[in-house]
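Text of start.cif, listed as mmCIF, C-alpha atoms:
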```cif
data_run
#
loop_
_atom_site.label_atom_id
_atom_site.label_comp_id
_atom_site.auth_asym_id
_atom_site.auth_seq_id
_atom_site.Cartn_x
_atom_site.Cartn_y
_atom_site.Cartn_z
CA MET F 1 11.16 11.24 212.10
CA SER F 2 14.03 9.67 214.06
CA PHE F 3 17.66 9.49 213.07
CA SER F 4 20.41 6.92 213.55
CA SER F 5 23.38 7.88 215.71
CA GLY F 6 25.53 5.38 213.80
CA ASP F 7 24.62 6.86 210.41
CA THR F 8 25.14 10.38 211.75
CA ALA F 9 28.60 9.55 213.09
CA TRP F 10 29.59 7.94 209.79
CA ILE F 11 28.39 10.90 207.70
CA LEU F 12 30.24 13.40 209.89
CA VAL F 13 33.43 11.34 209.83
CA SER F 14 33.09 10.94 206.07
CA ALA F 15 32.63 14.68 205.66
CA ALA F 16 35.86 15.25 207.58
CA MET F 17 37.65 12.67 205.41
CA VAL F 18 36.47 14.37 202.22
CA MET F 19 37.59 17.72 203.61
CA LEU F 20 41.09 16.23 204.09
CA MET F 21 41.16 15.42 200.38
CA THR F 22 41.44 19.11 199.48
CA PRO F 23 44.78 19.54 201.32
CA GLY F 24 45.66 16.22 199.68
CA VAL F 25 44.98 17.75 196.27
CA ALA F 26 47.10 20.75 197.30
CA LEU F 27 50.08 18.51 198.07
CA PHE F 28 49.48 16.32 195.01
CA TYR F 29 49.53 19.32 192.68
CA GLY F 30 52.10 21.24 194.71
CA GLY F 31 54.72 18.53 194.36
CA MET F 32 54.36 18.51 190.57
CA VAL F 33 55.12 22.20 189.98
CA ARG F 34 58.41 24.07 190.11
CA ARG F 35 59.70 25.03 193.54
CA LYS F 36 58.96 28.74 193.05
CA ASN F 37 55.25 28.02 192.48
CA VAL F 38 54.54 25.44 195.18
CA LEU F 39 53.02 27.86 197.70
CA SER F 40 50.75 29.53 195.15
CA THR F 41 49.58 26.10 194.00
CA ILE F 42 48.74 25.01 197.55
CA MET F 43 47.05 28.35 198.18
CA MET F 44 44.61 27.66 195.34
CA SER F 45 43.20 24.62 197.13
CA PHE F 46 42.98 26.34 200.49
CA ALA F 47 41.20 29.27 198.86
CA ALA F 48 38.59 26.80 197.59
CA LEU F 49 38.13 25.53 201.14
CA ALA F 50 37.40 29.04 202.33
CA ILE F 51 35.34 30.51 199.50
CA VAL F 52 33.21 27.53 198.51
CA GLY F 53 32.66 26.62 202.16
CA ILE F 54 30.95 29.98 202.67
CA LEU F 55 29.08 30.11 199.36
CA TRP F 56 27.69 26.62 199.91
CA MET F 57 26.05 27.70 203.17
CA LEU F 58 24.81 31.00 201.76
CA TYR F 59 23.15 29.75 198.58
CA GLY F 60 24.91 26.74 197.03
CA TYR F 61 23.16 24.08 199.07
CA SER F 62 19.77 25.65 198.49
CA LEU F 63 20.19 25.90 194.71
CA SER F 64 21.54 22.33 194.57
CA PHE F 65 19.16 20.52 196.94
CA GLY F 66 16.30 22.94 197.47
CA PRO F 67 12.78 22.19 196.14
CA ASP F 68 12.99 21.58 192.40
CA ILE F 69 12.28 24.29 189.83
CA ALA F 70 11.58 22.83 186.37
CA GLY F 71 14.19 20.09 186.87
CA PHE F 72 16.96 22.65 186.40
CA ILE F 73 17.72 24.28 189.75
CA GLY F 74 16.73 24.15 193.39
CA GLY F 75 14.64 26.80 195.10
CA LEU F 76 15.67 29.37 197.68
CA ASP F 77 14.07 27.64 200.65
CA PHE F 78 17.44 26.74 202.21
CA VAL F 79 19.28 30.04 201.60
CA GLY F 80 21.48 30.84 204.58
CA LEU F 81 20.65 27.35 205.93
CA ARG F 82 17.07 28.37 206.64
CA LEU F 83 15.04 25.22 207.44
CA VAL F 84 18.28 23.19 207.57
CA GLY F 85 18.57 22.08 211.18
CA GLN F 86 19.16 19.16 213.49
CA GLU F 87 16.16 17.18 212.33
CA PRO F 88 16.47 14.87 209.30
CA SER F 89 15.41 16.02 205.87
CA ASP F 90 12.19 14.59 204.46
CA VAL F 91 13.95 13.92 201.14
CA TYR F 92 17.72 13.45 201.59
CA ALA F 93 19.52 11.10 204.00
CA THR F 94 16.49 10.66 206.21
CA THR F 95 18.38 8.95 209.05
CA VAL F 96 20.82 11.81 209.79
CA PRO F 97 20.37 15.47 210.73
CA HIS F 98 19.80 17.72 207.75
CA LEU F 99 22.90 19.71 208.75
CA ALA F 100 25.03 16.57 208.54
CA PHE F 101 23.93 15.90 204.96
CA MET F 102 24.48 19.55 204.08
CA ILE F 103 28.08 19.66 205.32
CA PHE F 104 28.88 16.31 203.70
CA GLN F 105 27.78 17.72 200.36
CA ALA F 106 29.71 20.93 201.03
CA MET F 107 32.98 19.01 200.96
CA PHE F 108 32.16 17.65 197.50
CA ALA F 109 31.59 21.17 196.20
CA ILE F 110 34.87 22.36 197.71
CA ILE F 111 37.06 19.64 196.25
CA THR F 112 35.45 19.94 192.82
CA VAL F 113 36.61 23.54 192.55
CA ALA F 114 40.03 22.57 193.94
CA LEU F 115 40.43 19.85 191.31
CA ILE F 116 40.24 22.39 188.48
CA THR F 117 43.20 24.33 189.83
CA GLY F 118 45.58 21.63 188.64
CA ALA F 119 44.92 22.73 185.06
CA VAL F 120 45.95 26.34 185.66
CA VAL F 121 48.96 26.14 187.95
CA GLU F 122 51.85 28.39 186.92
CA ARG F 123 49.72 30.16 184.31
CA MET F 124 46.83 32.04 185.97
CA LYS F 125 46.71 34.99 188.36
CA PHE F 126 45.40 34.15 191.82
CA SER F 127 42.85 36.98 191.68
CA ALA F 128 41.53 35.71 188.35
CA LEU F 129 41.26 32.22 189.79
CA LEU F 130 39.14 33.50 192.67
CA VAL F 131 36.70 35.17 190.28
CA PHE F 132 36.60 32.08 188.09
CA SER F 133 35.98 29.81 191.10
CA VAL F 134 32.97 31.81 192.29
CA LEU F 135 31.45 31.97 188.80
CA TRP F 136 32.13 28.31 187.99
CA PHE F 137 30.73 27.11 191.31
CA THR F 138 27.57 29.15 190.75
CA VAL F 139 26.82 28.50 187.08
CA VAL F 140 28.28 24.99 186.60
CA TYR F 141 28.61 22.97 189.81
CA VAL F 142 25.39 24.02 191.51
CA PRO F 143 23.06 23.28 188.53
CA VAL F 144 24.81 19.99 187.69
CA ALA F 145 24.54 18.84 191.32
CA HIS F 146 20.81 19.50 191.19
CA TRP F 147 20.38 17.79 187.83
CA VAL F 148 21.96 14.56 189.08
CA TRP F 149 21.40 14.44 192.85
CA GLY F 150 18.61 16.92 193.53
CA SER F 151 15.07 15.68 193.97
CA GLY F 152 13.38 16.38 190.63
CA GLY F 153 16.58 17.05 188.68
CA TRP F 154 16.17 16.28 184.99
CA LEU F 155 19.11 13.87 184.80
CA ALA F 156 17.89 12.11 187.95
CA LYS F 157 14.51 11.64 186.27
CA LEU F 158 16.24 10.06 183.27
CA GLY F 159 17.75 7.47 185.60
CA THR F 160 21.32 8.78 185.70
CA LEU F 161 23.39 6.79 188.20
CA ASP F 162 26.19 8.62 189.97
CA PHE F 163 26.90 7.06 193.34
CA ALA F 164 29.54 9.46 194.62
CA GLY F 165 30.35 12.12 192.04
CA GLY F 166 31.60 10.66 188.77
CA THR F 167 29.45 13.13 186.85
CA VAL F 168 28.87 15.92 189.35
CA VAL F 169 32.49 16.12 190.49
CA HIS F 170 34.89 14.45 188.08
CA ILE F 171 33.33 14.95 184.66
CA SER F 172 32.32 18.54 185.37
CA ALA F 173 35.73 19.41 186.84
CA GLY F 174 37.70 17.47 184.23
CA VAL F 175 35.96 18.90 181.19
CA SER F 176 36.10 22.41 182.63
CA ALA F 177 39.78 22.05 183.47
CA LEU F 178 40.54 20.87 179.94
CA ALA F 179 38.63 23.79 178.43
CA LEU F 180 40.39 26.27 180.73
CA ALA F 181 43.81 24.82 179.91
CA LYS F 182 43.08 25.12 176.19
CA VAL F 183 42.06 28.76 176.61
CA LEU F 184 45.12 29.66 178.68
CA GLY F 185 47.59 27.71 176.60
CA PRO F 186 50.80 26.02 177.81
CA ARG F 187 53.03 27.41 180.53
CA LYS F 188 55.60 29.93 179.31
CA GLY F 189 58.79 28.12 178.41
CA PHE F 190 57.20 24.66 178.51
CA HIS F 191 59.40 22.17 176.58
CA GLU F 192 61.86 24.94 175.77
CA LYS F 193 64.64 25.99 178.15
CA ASP F 194 62.99 24.91 181.40
CA PRO F 195 62.00 21.20 181.59
CA MET F 196 59.58 22.07 184.42
CA GLU F 197 60.14 18.79 186.25
CA PRO F 198 58.12 18.08 189.43
CA HIS F 199 60.08 19.54 192.33
CA ASN F 200 59.03 17.17 195.12
CA ILE F 201 57.81 13.63 194.37
CA PRO F 202 57.46 12.65 198.08
CA MET F 203 54.98 15.54 198.39
CA VAL F 204 53.02 14.12 195.45
CA ALA F 205 52.99 10.69 197.12
CA LEU F 206 51.78 12.18 200.40
CA GLY F 207 49.01 13.99 198.57
CA ALA F 208 48.00 10.79 196.77
CA GLY F 209 47.97 8.93 200.09
CA LEU F 210 45.67 11.53 201.64
CA LEU F 211 43.41 11.31 198.60
CA TRP F 212 43.27 7.52 198.83
CA PHE F 213 42.39 7.76 202.52
CA GLY F 214 39.82 10.50 202.06
CA TRP F 215 38.23 8.71 199.13
CA PHE F 216 36.82 6.13 201.51
CA GLY F 217 34.69 8.91 202.97
CA PHE F 218 33.99 10.20 199.49
CA ASN F 219 32.61 6.88 198.19
CA ALA F 220 31.58 4.88 201.25
CA GLY F 221 30.12 7.99 202.87
CA SER F 222 27.87 8.43 199.86
CA ALA F 223 25.94 5.38 201.01
CA LEU F 224 24.54 7.85 203.60
CA THR F 225 24.31 4.97 206.08
CA SER F 226 26.87 3.03 208.10
CA GLY F 227 25.65 -0.38 206.91
CA GLY F 228 26.50 -2.94 204.28
CA LEU F 229 26.35 -0.59 201.29
CA ALA F 230 29.07 1.61 202.81
CA SER F 231 31.22 -1.48 203.36
CA SER F 232 30.78 -2.64 199.77
CA ALA F 233 31.65 0.79 198.36
CA PHE F 234 34.67 1.00 200.67
CA VAL F 235 36.12 -2.32 199.46
CA ALA F 236 35.38 -1.58 195.78
CA THR F 237 37.16 1.77 196.15
CA ASN F 238 40.31 0.20 197.59
CA ALA F 239 40.31 -2.56 194.98
CA SER F 240 40.13 -0.13 192.07
CA ALA F 241 42.87 2.11 193.43
CA ALA F 242 45.18 -0.81 194.13
CA ALA F 243 44.56 -2.43 190.73
CA ALA F 244 45.13 0.84 188.87
CA ALA F 245 48.33 1.62 190.76
CA PHE F 246 49.72 -1.86 190.09
CA THR F 247 48.72 -1.77 186.42
CA TRP F 248 50.38 1.62 185.93
CA MET F 249 53.53 0.25 187.55
CA ILE F 250 53.60 -2.73 185.18
CA LEU F 251 53.01 -0.56 182.11
CA SER F 252 55.82 1.77 183.17
CA TRP F 253 58.08 -1.22 183.69
CA ILE F 254 57.35 -2.54 180.22
CA TYR F 255 58.32 0.69 178.50
CA ARG F 256 61.00 2.00 180.83
CA ARG F 257 60.91 1.72 184.61
CA PRO F 258 58.26 2.11 187.33
CA THR F 259 58.19 5.46 189.10
CA LEU F 260 56.59 6.71 192.29
CA LEU F 261 54.92 9.52 190.35
CA GLY F 262 53.40 6.98 187.98
CA VAL F 263 52.11 4.68 190.71
CA ALA F 264 50.56 7.63 192.57
CA THR F 265 48.92 8.85 189.36
CA GLY F 266 47.58 5.37 188.65
CA ALA F 267 46.05 5.11 192.11
CA VAL F 268 44.21 8.41 191.65
CA ALA F 269 42.99 7.26 188.22
CA GLY F 270 41.54 4.12 189.81
CA LEU F 271 39.86 6.14 192.54
CA VAL F 272 38.23 8.43 190.00
CA ALA F 273 37.07 5.52 187.84
CA ILE F 274 35.29 3.64 190.62
CA THR F 275 33.54 6.69 192.08
CA PRO F 276 30.30 6.71 190.02
CA ALA F 277 29.88 2.94 190.38
CA ALA F 278 31.21 2.27 193.88
CA GLY F 279 27.83 1.43 195.40
CA PHE F 280 26.33 -0.22 192.34
CA VAL F 281 28.90 -2.96 191.57
CA PRO F 282 30.22 -5.91 193.61
CA PRO F 283 33.54 -5.13 195.34
CA MET F 284 35.51 -7.47 193.06
CA MET F 285 34.49 -5.36 190.05
CA GLY F 286 36.78 -2.67 191.41
CA ILE F 287 39.75 -4.64 190.08
CA PRO F 288 38.84 -4.67 186.36
CA ILE F 289 37.58 -1.09 186.60
CA GLY F 290 40.93 -0.02 188.03
CA VAL F 291 42.90 -1.96 185.41
CA VAL F 292 40.95 -0.46 182.50
CA ALA F 293 41.23 3.04 183.98
CA ALA F 294 45.00 2.74 184.33
CA VAL F 295 45.46 1.46 180.77
CA ILE F 296 43.34 4.25 179.27
CA CYS F 297 44.95 7.00 181.35
CA TYR F 298 48.50 5.72 180.82
CA TYR F 299 48.22 5.72 177.05
CA ALA F 300 46.35 9.01 177.10
CA MET F 301 49.33 10.51 178.93
CA CYS F 302 51.69 9.02 176.33
CA LEU F 303 49.58 10.56 173.56
CA ARG F 304 49.55 13.93 175.30
CA MET F 305 53.35 13.93 175.60
CA LYS F 306 53.63 13.32 171.84
#
```
Using structure tokens, write down the structure that the file contains.
Amino acid sequence: MSFSSGDTAWILVSAAMVMLMTPGVALFYGGMVRRKNVLSTIMMSFAALAIVGILWMLYGYSLSFGPDIAGFIGGLDFVGLRLVGQEPSDVYATTVPHLAFMIFQAMFAIITVALITGAVVERMKFSALLVFSVLWFTVVYVPVAHWVWGSGGWLAKLGTLDFAGGTVVHISAGVSALALAKVLGPRKGFHEKDPMEPHNIPMVALGAGLLWFGWFGFNAGSALTSGGLASSAFVATNASAAAAAFTWMILSWIYRRPTLLGVATGAVAGLVAITPAAGFVPPMMGIPIGVVAAVICYYAMCLRMK
């Protein structure tokens, strides 16, 4: 089985772009917290880079993409990257080295854990977060990744379509973050003496910019080739982000005034919304998807504030 140098280069570049999204998340969240908590917030994302990066190689990849066991979990064939080498896989991304596909998927696992940290900033001990991250990665992310993307996964057999992580990454992280936030409760003093305003909006904007940039690897890289499908997903991703950012700006203008924080939040909402569909819809569909995402998220934020 031969592999394509062009596809291999694109997957490796995309993996690096997705890796950059985790520091982007760190800055995005770090700018929204109070000054005294910015370093601890950033540390949470970098801890995910370290811990999940190791666990993925030790057993995460094997349990996610190893030979199927009853549609629920992968086997142990790839533990410690055994049988994962420079030759292409027979099942996944057959035009690139198996190692390239493995490390591309590793970056998805890392950022999924990092995404959850935004729900617990300023209210959870760092040591507790580390324990939670290891357990959540093992009992939630790994099985869900196999269900949707693994060969033989039960959701894959049902025909579930998730081009780049709408279910595996965003739904799993979002629902878990909401549940964790409900368990922990609000930050001490929230809406009382301390308004807890974001301490550095330029940092938030920089984080959003890195996320927007990295998302091209996230979505277009999920084509697993450097051809037309990657191009289509790339354009759809940009269209959705741009449409959502603009829509959020207009909505803010109607009710008060547009803000940089709002536009950055809208862009991220559009990026999330297009992710599961990026390779399945025409590029122009990114615009209505982004608009709808911004409207829903904007009014959801208004409802949350009330």
F:Pro202, F:Gly270, F:Gly174, F:Gly227 ranked by distance to F:Trp10, top pick (using only C-alpha atoms): F:Gly227
Residues within 10 Å of F:Ser222, all atoms listed in the file, excluding chain neighbours under 5 positions, as a compact mmCIF listing (two decimals) with C-alpha atoms, in the coordinates of the input:
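Result went into out_11.txt, see below:
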```txt
# COMPACT_ATOMS: atom_id res chain seq x y z
CA ILE F 11 28.39 10.90 207.70
CA SER F 14 33.09 10.94 206.07
CA ALA F 15 32.63 14.68 205.66
CA ALA F 93 19.52 11.10 204.00
CA PHE F 101 23.93 15.90 204.96
CA PHE F 104 28.88 16.31 203.70
CA GLN F 105 27.78 17.72 200.36
CA PHE F 163 26.90 7.06 193.34
CA ALA F 164 29.54 9.46 194.62
CA GLY F 165 30.35 12.12 192.04
CA PHE F 216 36.82 6.13 201.51
CA GLY F 217 34.69 8.91 202.97
CA LEU F 229 26.35 -0.59 201.29
CA ALA F 230 29.07 1.61 202.81
CA ALA F 233 31.65 0.79 198.36
CA THR F 275 33.54 6.69 192.08
CA ALA F 278 31.21 2.27 193.88
CA GLY F 279 27.83 1.43 195.40
```
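Proximity ranking of F:Leu184, F:Lys157, F:Val281, F:Pro97 relative to F:Ser2 places F:Pro97 first, based on all atoms listed in the file.
Among F:Val268, F:Met249, F:Val18, F:Ala70, the residue with the shortest atom-to-atom distance to F:Thr112, counting all atoms listed in the file, is F:Val18.
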Shell around F:Ser240 at 7 Å using only C-alpha atoms, local window under 3 positions removed, as a PDB file with C-alpha atoms, in the coordinates of the input:
```pdb
ATOM      1  CA  ALA F 236      35.380  -1.580 195.780  1.00  0.00           C
ATOM      2  CA  THR F 237      37.160   1.770 196.150  1.00  0.00           C
ATOM      3  CA  ALA F 243      44.560  -2.430 190.730  1.00  0.00           C
ATOM      4  CA  ALA F 244      45.130   0.840 188.870  1.00  0.00           C
ATOM      5  CA  GLY F 270      41.540   4.120 189.810  1.00  0.00           C
ATOM      6  CA  LEU F 271      39.860   6.140 192.540  1.00  0.00           C
ATOM      7  CA  ILE F 274      35.290   3.640 190.620  1.00  0.00           C
ATOM      8  CA  GLY F 286      36.780  -2.670 191.410  1.00  0.00           C
ATOM      9  CA  ILE F 287      39.750  -4.640 190.080  1.00  0.00           C
ATOM     10  CA  ILE F 289      37.580  -1.090 186.600  1.00  0.00           C
ATOM     11  CA  GLY F 290      40.930  -0.020 188.030  1.00  0.00           C
TER      12      GLY F 290
END
```
Give one line per residue of stretch 121-227 of chain F that approaches stretch 257-261 of chain F to at most 12 Å, naming the two atoms of the closest pair and their distance in Å to one decimal, counting all atoms listed in the file; sort by chain then ascending residue number and deliver it as CSV.
```
residue,atom,partner,partner_atom,distance
F:Glu197,CA,F:Leu261,CA,11.4
F:Pro198,CA,F:Leu261,CA,9.2
F:His199,CA,F:Leu261,CA,11.4
F:Asn200,CA,F:Leu261,CA,9.9
F:Ile201,CA,F:Leu261,CA,6.4
F:Pro202,CA,F:Leu260,CA,8.3
F:Met203,CA,F:Leu261,CA,10.0
F:Val204,CA,F:Leu261,CA,7.1
F:Ala205,CA,F:Leu261,CA,7.1
F:Leu206,CA,F:Leu261,CA,10.9
F:Gly207,CA,F:Leu261,CA,11.1
F:Ala208,CA,F:Leu261,CA,9.5
F:Gly209,CA,F:Leu260,CA,11.8
```
Let me know the residues the PyMOL selection byres ((chain F and resi 37-48) around 9) catches in the file above, as an mmCIF file with C-alpha atoms, keeping the file's coordinate frame.
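Writing the result to part.cif gives the following:
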```
data_model
loop_
_atom_site.group_PDB
_atom_site.id
_atom_site.type_symbol
_atom_site.label_atom_id
_atom_site.label_comp_id
_atom_site.auth_asym_id
_atom_site.auth_seq_id
_atom_site.Cartn_x
_atom_site.Cartn_y
_atom_site.Cartn_z
ATOM 1 C CA THR F 22 41.440 19.110 199.480
ATOM 2 C CA PRO F 23 44.780 19.540 201.320
ATOM 3 C CA VAL F 25 44.980 17.750 196.270
ATOM 4 C CA ALA F 26 47.100 20.750 197.300
ATOM 5 C CA LEU F 27 50.080 18.510 198.070
ATOM 6 C CA TYR F 29 49.530 19.320 192.680
ATOM 7 C CA GLY F 30 52.100 21.240 194.710
ATOM 8 C CA GLY F 31 54.720 18.530 194.360
ATOM 9 C CA MET F 32 54.360 18.510 190.570
ATOM 10 C CA VAL F 33 55.120 22.200 189.980
ATOM 11 C CA ARG F 34 58.410 24.070 190.110
ATOM 12 C CA ARG F 35 59.700 25.030 193.540
ATOM 13 C CA LYS F 36 58.960 28.740 193.050
ATOM 14 C CA LEU F 49 38.130 25.530 201.140
ATOM 15 C CA ALA F 50 37.400 29.040 202.330
ATOM 16 C CA ILE F 51 35.340 30.510 199.500
ATOM 17 C CA VAL F 52 33.210 27.530 198.510
ATOM 18 C CA GLY F 53 32.660 26.620 202.160
ATOM 19 C CA ILE F 110 34.870 22.360 197.710
ATOM 20 C CA ILE F 111 37.060 19.640 196.250
ATOM 21 C CA THR F 112 35.450 19.940 192.820
ATOM 22 C CA VAL F 113 36.610 23.540 192.550
ATOM 23 C CA ALA F 114 40.030 22.570 193.940
ATOM 24 C CA LEU F 115 40.430 19.850 191.310
ATOM 25 C CA THR F 117 43.200 24.330 189.830
ATOM 26 C CA GLY F 118 45.580 21.630 188.640
ATOM 27 C CA VAL F 121 48.960 26.140 187.950
ATOM 28 C CA GLU F 122 51.850 28.390 186.920
ATOM 29 C CA PHE F 126 45.400 34.150 191.820
ATOM 30 C CA LEU F 129 41.260 32.220 189.790
ATOM 31 C CA LEU F 130 39.140 33.500 192.670
ATOM 32 C CA SER F 133 35.980 29.810 191.100
ATOM 33 C CA HIS F 199 60.080 19.540 192.330
#
```
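Minimum atom-to-atom distance to F:Ser4, evaluated using all atoms listed in the file, belongs to F:Thr225 out of F:Ser151, F:Thr225, F:Asn219, F:Ser252.
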Nearest to F:Leu161 by atom-to-atom distance, counting all atoms listed in the file, from F:Val148, F:Ala109, F:Leu211, F:Met102: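 Of F:Val148, F:Ala109, F:Leu211, F:Met102, the one nearest F:Leu161 is F:Val148, counting all atoms listed in the file.
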Minimum-distance residue to F:Thr138, chosen among F:Thr95, F:Ser89, F:Thr160, F:Ser62 (using only C-alpha atoms): F:Ser62
Result set of the PyMOL selection byres ((chain F and resi 175-178) around 9) on the coordinates above, as a list in words: Leu115, Ile116, Thr117, Gly118, Ala119, Val120, Trp136, His170, Ile171, Ser172, Ala173, Gly174, Ala179, Leu180, Ala181, Lys182 and Val183 of chain F
Written selection (C-alpha atoms) as a short mmCIF file (atom, residue, chain, number, x, y, z; two decimals), in the coordinates of the input:
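Written output follows (part_13.cif):
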```cif
data_model
loop_
_atom_site.label_atom_id
_atom_site.label_comp_id
_atom_site.auth_asym_id
_atom_site.auth_seq_id
_atom_site.Cartn_x
_atom_site.Cartn_y
_atom_site.Cartn_z
CA LEU F 115 40.43 19.85 191.31
CA ILE F 116 40.24 22.39 188.48
CA THR F 117 43.20 24.33 189.83
CA GLY F 118 45.58 21.63 188.64
CA ALA F 119 44.92 22.73 185.06
CA VAL F 120 45.95 26.34 185.66
CA TRP F 136 32.13 28.31 187.99
CA HIS F 170 34.89 14.45 188.08
CA ILE F 171 33.33 14.95 184.66
CA SER F 172 32.32 18.54 185.37
CA ALA F 173 35.73 19.41 186.84
CA GLY F 174 37.70 17.47 184.23
CA ALA F 179 38.63 23.79 178.43
CA LEU F 180 40.39 26.27 180.73
CA ALA F 181 43.81 24.82 179.91
CA LYS F 182 43.08 25.12 176.19
CA VAL F 183 42.06 28.76 176.61
#
```
Residues matched by the PyMOL selection byres ((chain F and resi 266) around 7), written as number ranges by chain: F: 244-245, 248, 262-265, 267-270, 294
